file data11.cif (mmCIF, C-alpha atoms)
data_input
#
loop_
_atom_site.label_atom_id
_atom_site.label_comp_id
_atom_site.auth_asym_id
_atom_site.auth_seq_id
_atom_site.Cartn_x
_atom_site.Cartn_y
_atom_site.Cartn_z
CA MET A 1 102.50 72.61 164.01
CA LEU A 2 98.96 73.76 164.42
CA ARG A 3 96.98 73.52 167.64
CA ARG A 4 94.52 71.05 166.12
CA ASP A 5 97.46 68.82 165.12
CA PHE A 6 98.74 68.63 168.68
CA ILE A 7 95.70 68.55 170.97
CA ALA A 8 92.68 66.33 170.66
CA GLY A 9 90.84 67.87 173.60
CA ALA A 10 91.47 69.30 177.02
CA GLY A 11 90.95 67.28 180.18
CA ALA A 12 89.93 68.62 183.53
CA LEU A 13 91.95 71.55 184.78
CA THR A 14 94.66 70.44 187.16
CA VAL A 15 96.30 73.24 189.09
CA LEU A 16 99.74 72.08 190.07
CA GLY A 17 101.31 73.30 193.27
CA SER A 18 104.98 73.82 194.01
CA LYS A 19 107.24 72.23 196.53
CA GLY A 20 109.13 74.53 198.80
CA SER A 21 111.97 74.12 201.24
CA ALA A 22 113.30 76.01 204.21
CA HIS A 23 116.44 76.78 202.17
CA THR A 24 114.75 78.50 199.26
CA PRO A 25 113.24 81.95 198.90
CA THR A 26 109.49 82.18 199.27
CA LEU A 27 107.89 82.22 195.87
CA PRO A 28 105.28 84.86 195.12
CA VAL A 29 101.81 83.61 194.26
CA TYR A 30 101.11 84.38 190.62
CA ASP A 31 97.56 85.32 189.71
CA MET A 32 97.61 83.64 186.31
CA PRO A 33 94.60 83.58 183.99
CA GLU A 34 92.94 80.16 183.85
CA GLU A 35 94.16 79.53 180.30
CA LEU A 36 97.78 79.83 181.51
CA LEU A 37 97.45 77.29 184.31
CA PRO A 38 98.86 73.77 183.83
CA ARG A 39 96.29 71.20 182.79
CA GLU A 40 96.13 67.64 181.62
CA VAL A 41 95.17 67.37 177.95
CA ARG A 42 94.67 64.66 175.33
CA ILE A 43 97.12 64.82 172.43
CA GLN A 44 96.59 63.46 168.94
CA ASN A 45 100.20 62.88 168.06
CA ASP A 46 101.60 59.49 168.97
CA LEU A 47 104.34 60.95 171.14
CA THR A 48 106.53 58.84 173.39
CA PRO A 49 105.61 59.25 177.07
CA TYR A 50 107.88 61.22 179.36
CA GLU A 51 109.30 63.69 176.88
CA VAL A 52 109.18 67.49 176.74
CA HIS A 53 107.74 69.13 173.61
CA VAL A 54 107.57 72.90 173.13
CA ASP A 55 105.04 74.16 170.59
CA PRO A 56 106.04 77.79 169.96
CA GLU A 57 102.86 78.65 168.07
CA GLN A 58 100.76 77.84 171.13
CA PHE A 59 103.34 79.09 173.66
CA ALA A 60 102.91 75.66 175.22
CA LEU A 61 105.20 73.06 176.73
CA TYR A 62 103.92 69.49 176.96
CA TRP A 63 105.16 66.85 179.38
CA THR A 64 103.93 63.73 177.60
CA LEU A 65 102.24 60.91 179.50
CA PRO A 66 101.07 57.41 178.54
CA GLU A 67 97.80 56.81 176.68
CA GLY A 68 97.83 59.97 174.56
CA ARG A 69 97.86 62.40 177.48
CA ALA A 70 100.14 65.27 178.44
CA ILE A 71 100.43 68.05 180.98
CA ARG A 72 100.33 71.40 179.20
CA TYR A 73 102.21 74.38 180.65
CA ALA A 74 102.13 77.93 179.24
CA VAL A 75 105.55 79.32 178.30
CA GLY A 76 107.35 82.32 176.93
CA ILE A 77 109.77 81.53 174.11
CA GLY A 78 112.73 83.03 172.25
CA ARG A 79 112.44 86.31 170.41
CA PRO A 80 112.42 86.22 166.60
CA GLY A 81 115.79 85.01 165.38
CA LEU A 82 116.74 83.56 168.78
CA TYR A 83 114.40 80.60 169.10
CA GLU A 84 116.26 77.43 168.07
CA ALA A 85 114.16 74.46 167.01
CA GLY A 86 115.64 70.99 167.33
CA GLU A 87 116.06 67.87 169.43
CA PHE A 88 117.88 68.08 172.72
CA TYR A 89 118.24 66.20 175.99
CA VAL A 90 118.33 67.37 179.59
CA GLY A 91 122.05 67.31 180.37
CA ALA A 92 121.86 69.09 183.74
CA LYS A 93 119.26 70.25 186.25
CA LYS A 94 119.80 73.04 188.76
CA VAL A 95 117.88 74.39 191.76
CA TRP A 96 118.14 78.19 192.12
CA PRO A 97 120.76 78.24 189.35
CA SER A 98 123.36 80.93 188.95
CA TRP A 99 123.29 82.77 185.63
CA LYS A 100 125.80 84.36 183.30
CA PRO A 101 124.84 86.00 180.01
CA THR A 102 126.42 84.47 176.93
CA PRO A 103 128.93 86.55 174.92
CA ASP A 104 126.27 86.85 172.18
CA MET A 105 123.78 88.31 174.68
CA ILE A 106 126.36 90.87 175.85
CA ARG A 107 127.23 91.74 172.25
CA ARG A 108 123.54 92.20 171.27
CA GLU A 109 122.52 94.22 174.33
CA PRO A 110 125.59 95.46 176.24
CA HIS A 111 123.56 98.08 178.10
CA ARG A 112 121.45 95.30 179.59
CA TYR A 113 123.89 92.40 180.09
CA ALA A 114 127.51 93.67 180.35
CA ARG A 115 127.16 94.37 184.09
CA PHE A 116 126.40 90.66 184.64
CA ALA A 117 129.45 89.41 182.68
CA ASP A 118 130.83 87.80 185.87
CA GLY A 119 127.50 86.13 186.60
CA MET A 120 124.69 86.37 189.12
CA PRO A 121 123.95 84.03 192.02
CA GLY A 122 120.68 82.12 192.16
CA GLY A 123 117.62 83.74 193.70
CA LEU A 124 114.29 85.38 192.90
CA GLY A 125 115.90 88.17 190.86
CA ASN A 126 117.92 85.76 188.74
CA PRO A 127 116.67 85.41 185.12
CA LEU A 128 116.72 81.57 185.36
CA GLY A 129 114.32 81.62 188.29
CA ALA A 130 113.75 78.81 190.77
CA ARG A 131 114.77 75.86 188.56
CA ALA A 132 116.42 75.22 185.21
CA LEU A 133 116.73 72.30 182.81
CA TYR A 134 119.90 72.63 180.71
CA LEU A 135 119.52 71.52 177.09
CA PHE A 136 122.36 69.56 175.49
CA GLN A 137 122.91 67.93 172.10
CA PRO A 138 125.15 64.99 171.25
CA GLY A 139 128.50 66.20 169.89
CA ARG A 140 127.70 69.80 170.86
CA GLY A 141 127.25 69.52 174.60
CA ASP A 142 125.62 72.42 176.42
CA THR A 143 123.66 74.52 173.92
CA PHE A 144 123.15 77.36 176.45
CA LEU A 145 119.42 76.91 175.90
CA ARG A 146 117.36 76.40 179.05
CA ILE A 147 113.86 75.64 180.17
CA HIS A 148 113.68 77.77 183.27
CA GLY A 149 111.57 79.64 185.76
CA THR A 150 110.74 83.33 185.81
CA ASN A 151 109.23 85.78 188.26
CA GLU A 152 107.79 87.81 185.37
CA PRO A 153 104.38 86.26 184.63
CA ASP A 154 103.63 88.91 181.99
CA THR A 155 106.30 87.31 179.75
CA ILE A 156 104.34 84.04 179.44
CA GLY A 157 102.67 83.64 176.05
CA ARG A 158 105.14 85.99 174.39
CA ARG A 159 108.37 85.88 172.38
CA VAL A 160 110.65 87.52 174.89
CA SER A 161 113.69 85.42 175.73
CA ASN A 162 117.18 84.92 174.32
CA GLY A 163 116.15 81.52 172.99
CA CYS A 164 115.02 79.74 176.14
CA ALA A 165 111.55 78.61 177.17
CA ARG A 166 110.30 80.04 180.47
CA LEU A 167 107.52 79.13 182.89
CA VAL A 168 106.47 80.97 186.02
CA ASN A 169 108.53 79.68 188.95
CA ASP A 170 105.91 77.53 190.70
CA GLN A 171 105.02 75.77 187.44
CA MET A 172 108.72 75.33 186.63
CA ILE A 173 109.27 73.64 189.99
CA ASN A 174 106.44 71.24 189.21
CA LEU A 175 107.90 70.41 185.79
CA TYR A 176 111.44 70.12 187.19
CA ASP A 177 110.29 67.53 189.72
CA ARG A 178 108.83 65.41 186.89
CA VAL A 179 111.67 65.56 184.36
CA PRO A 180 114.73 63.32 184.90
CA LEU A 181 118.19 63.81 183.41
CA ASP A 182 118.60 62.59 179.82
CA THR A 183 114.94 63.31 178.99
CA ARG A 184 114.36 63.99 175.30
CA VAL A 185 113.29 67.60 174.58
CA VAL A 186 111.90 68.75 171.24
CA LEU A 187 111.63 72.44 170.46
CA HIS A 188 109.27 72.36 167.48
CA PRO A 189 109.84 74.87 164.68
CA VAL A 190 108.07 78.19 164.40
CA VAL A 191 105.83 78.05 161.32
CA ASN A 192 103.03 80.58 161.64
CA LEU A 193 104.32 83.22 164.05
CA PRO A 194 105.54 86.53 162.61
CA THR A 195 109.32 86.98 162.73
#

call {"tool": "encode", "arguments": {"input": "data11.cif", "output": "structure tokens"}}
result
Amino acid sequence: MLRRDFIAGAGALTVLGSKGSAHTPTLPVYDMPEELLPREVRIQNDLTPYEVHVDPEQFALYWTLPEGRAIRYAVGIGRPGLYEAGEFYVGAKKVWPSWKPTPDMIRREPHRYARFADGMPGGLGNPLGARALYLFQPGRGDTFLRIHGTNEPDTIGRRVSNGCARLVNDQMINLYDRVPLDTRVVLHPVVNLPT
């Protein structure tokens, strides 16, 4: 999908804040370039409101709204060969989720992931960040794909993950608060990015 096919024009920049709580770690303030800040945009496609669409060619996630509008967030996506296009639904939501690498992750990069085979508790150093949306498919259940936070802003706009889409933590909290369980999620295919 090309950028011109998805966006009709950008609306006014809307910087979205995060909600905090006394029981959560203090999030760092990310000094993100303006083009990576969330913003409301007009979209050409006749997409159903209140869905999540990830356009890997733009490194963008769209939370669709009524009347041809959406909130656009900048994301990092799966590395070549690990990004999985398809239709999913949000089967679980977690605040400061724990994390455990999949057996495939350990097999691909044992030097990096084997030490976490028993898992890692939630927190700022956790790869899933402050919030996570767990992607499921009918008949398959949990796909082990996530839309999650990160404390590594330099990974946004890049193909860096093990298949998941990532947003900086404060933007992920904002998205998490908008997206209910059972929301439809579409990870659009990669067409024009090098593999």

call {"tool": "residues_around", "arguments": {"input": "data11.cif", "residues": "Val186 in chain A", "least_positions_apart": "5", "cutoff": "7 Å", "atoms": "only C-alpha atoms", "output": "PyMOL selection string"}}
result
chain A and resi 52-54+86-88

call {"tool": "write_last_selection", "arguments": {"input": "data11.cif", "atoms": "C-alpha atoms", "output": "JSON list (two decimals), keeping the file's coordinate frame"}}
result
[["chain", "number", "residue", "atom", "x", "y", "z"],
["A", 52, "VAL", "CA", 109.18, 67.49, 176.74],
["A", 53, "HIS", "CA", 107.74, 69.13, 173.61],
["A", 54, "VAL", "CA", 107.57, 72.90, 173.13],
["A", 86, "GLY", "CA", 115.64, 70.99, 167.33],
["A", 87, "GLU", "CA", 116.06, 67.87, 169.43],
["A", 88, "PHE", "CA", 117.88, 68.08, 172.72]]

call {"tool": "residues_around", "arguments": {"input": "data11.cif", "residues": "Arg146 in chain A", "least_positions_apart": "2", "cutoff": "10 Å", "atoms": "all atoms listed in the file", "output": "NGL selection string"}}
result
:A and (90 or 92-93 or 128 or 131-136 or 142-144 or 148-149 or 162-166)

call {"tool": "closest_residue", "arguments": {"input": "data11.cif", "among": "A:Asp182, A:Gly123, A:Pro33, A:Pro56", "to": "Tyr83 in chain A", "atoms": "all atoms listed in the file"}}
result
A:Pro56

call {"tool": "resolve_selection", "arguments": {"input": "data11.cif", "expression": "the PyMOL selection byres ((chain A and resi 50) around 7)", "output": "PyMOL selection string"}}
result
chain A and resi 48-49+51-52+63-65

call {"tool": "closest_residue", "arguments": {"input": "data11.cif", "among": "A:Tyr89, A:Thr150, A:Gly68, A:Gly139", "to": "Arg184 in chain A", "atoms": "only C-alpha atoms"}}
result
A:Tyr89

call {"tool": "closest_residue", "arguments": {"input": "data11.cif", "among": "A:Leu27, A:Leu145, A:Ala130, A:Ile173", "to": "Gly78 in chain A", "atoms": "only C-alpha atoms"}}
result
A:Leu145

call {"tool": "closest_residue", "arguments": {"input": "data11.cif", "among": "A:Gly125, A:Ser161, A:Thr155, A:Val168", "to": "Glu84 in chain A", "atoms": "all atoms listed in the file"}}
result
A:Ser161

call {"tool": "resolve_selection", "arguments": {"input": "data11.cif", "expression": "the PyMOL selection byres ((chain A and resi 104) around 12)", "output": "list in words"}}
result
Leu82, Lys100, Pro101, Thr102, Pro103, Met105, Ile106, Arg107, Arg108, Glu109, Pro110, Tyr113, Ala114, Ala117, Phe144, Asn162 and Gly163 of chain A

call {"tool": "residues_around", "arguments": {"input": "data11.cif", "residues": "Asp55 in chain A", "least_positions_apart": "2", "cutoff": "10 Å", "atoms": "all atoms listed in the file", "output": "list in words"}}
result
Met1, Leu2, Arg3, Phe6, Val52, His53, Glu57, Gln58, Phe59, Ala60, Leu61, Tyr62, Ala74, Val75, Ile77, Ala85, Val186, Leu187, His188, Pro189 and Val190 of chain A

call {"tool": "resolve_selection", "arguments": {"input": "data11.cif", "expression": "the PyMOL selection byres ((chain A and resi 98) around 7)", "output": "MDAnalysis selection string"}}
result
chainID A and resid 96:97 99 120:122

call {"tool": "closest_residue", "arguments": {"input": "data11.cif", "among": "A:Leu36, A:Leu167, A:Ile156, A:Ile147", "to": "Val185 in chain A", "atoms": "all atoms listed in the file"}}
result
A:Ile147

call {"tool": "axis_aligned_box", "arguments": {"input": "data11.cif", "around": "range 51-59 of chain A", "padding_each_side": "6 Å", "output": "AutoDock Vina command-line options"}}
result
--center_x 105.0 --center_y 71.4 --center_z 172.5 --size_x 20.5 --size_y 27.4 --size_z 20.8

call {"tool": "atom_distance", "arguments": {"input": "data11.cif", "atom1": "CA of Gln171 in chain A", "atom2": "CA of Leu47 in chain A"}}
result
22.0 Å

call {"tool": "closest_residue", "arguments": {"input": "data11.cif", "among": "A:Glu40, A:Gly91, A:Thr183, A:Gly76", "to": "Glu152 in chain A", "atoms": "only C-alpha atoms"}}
result
A:Gly76
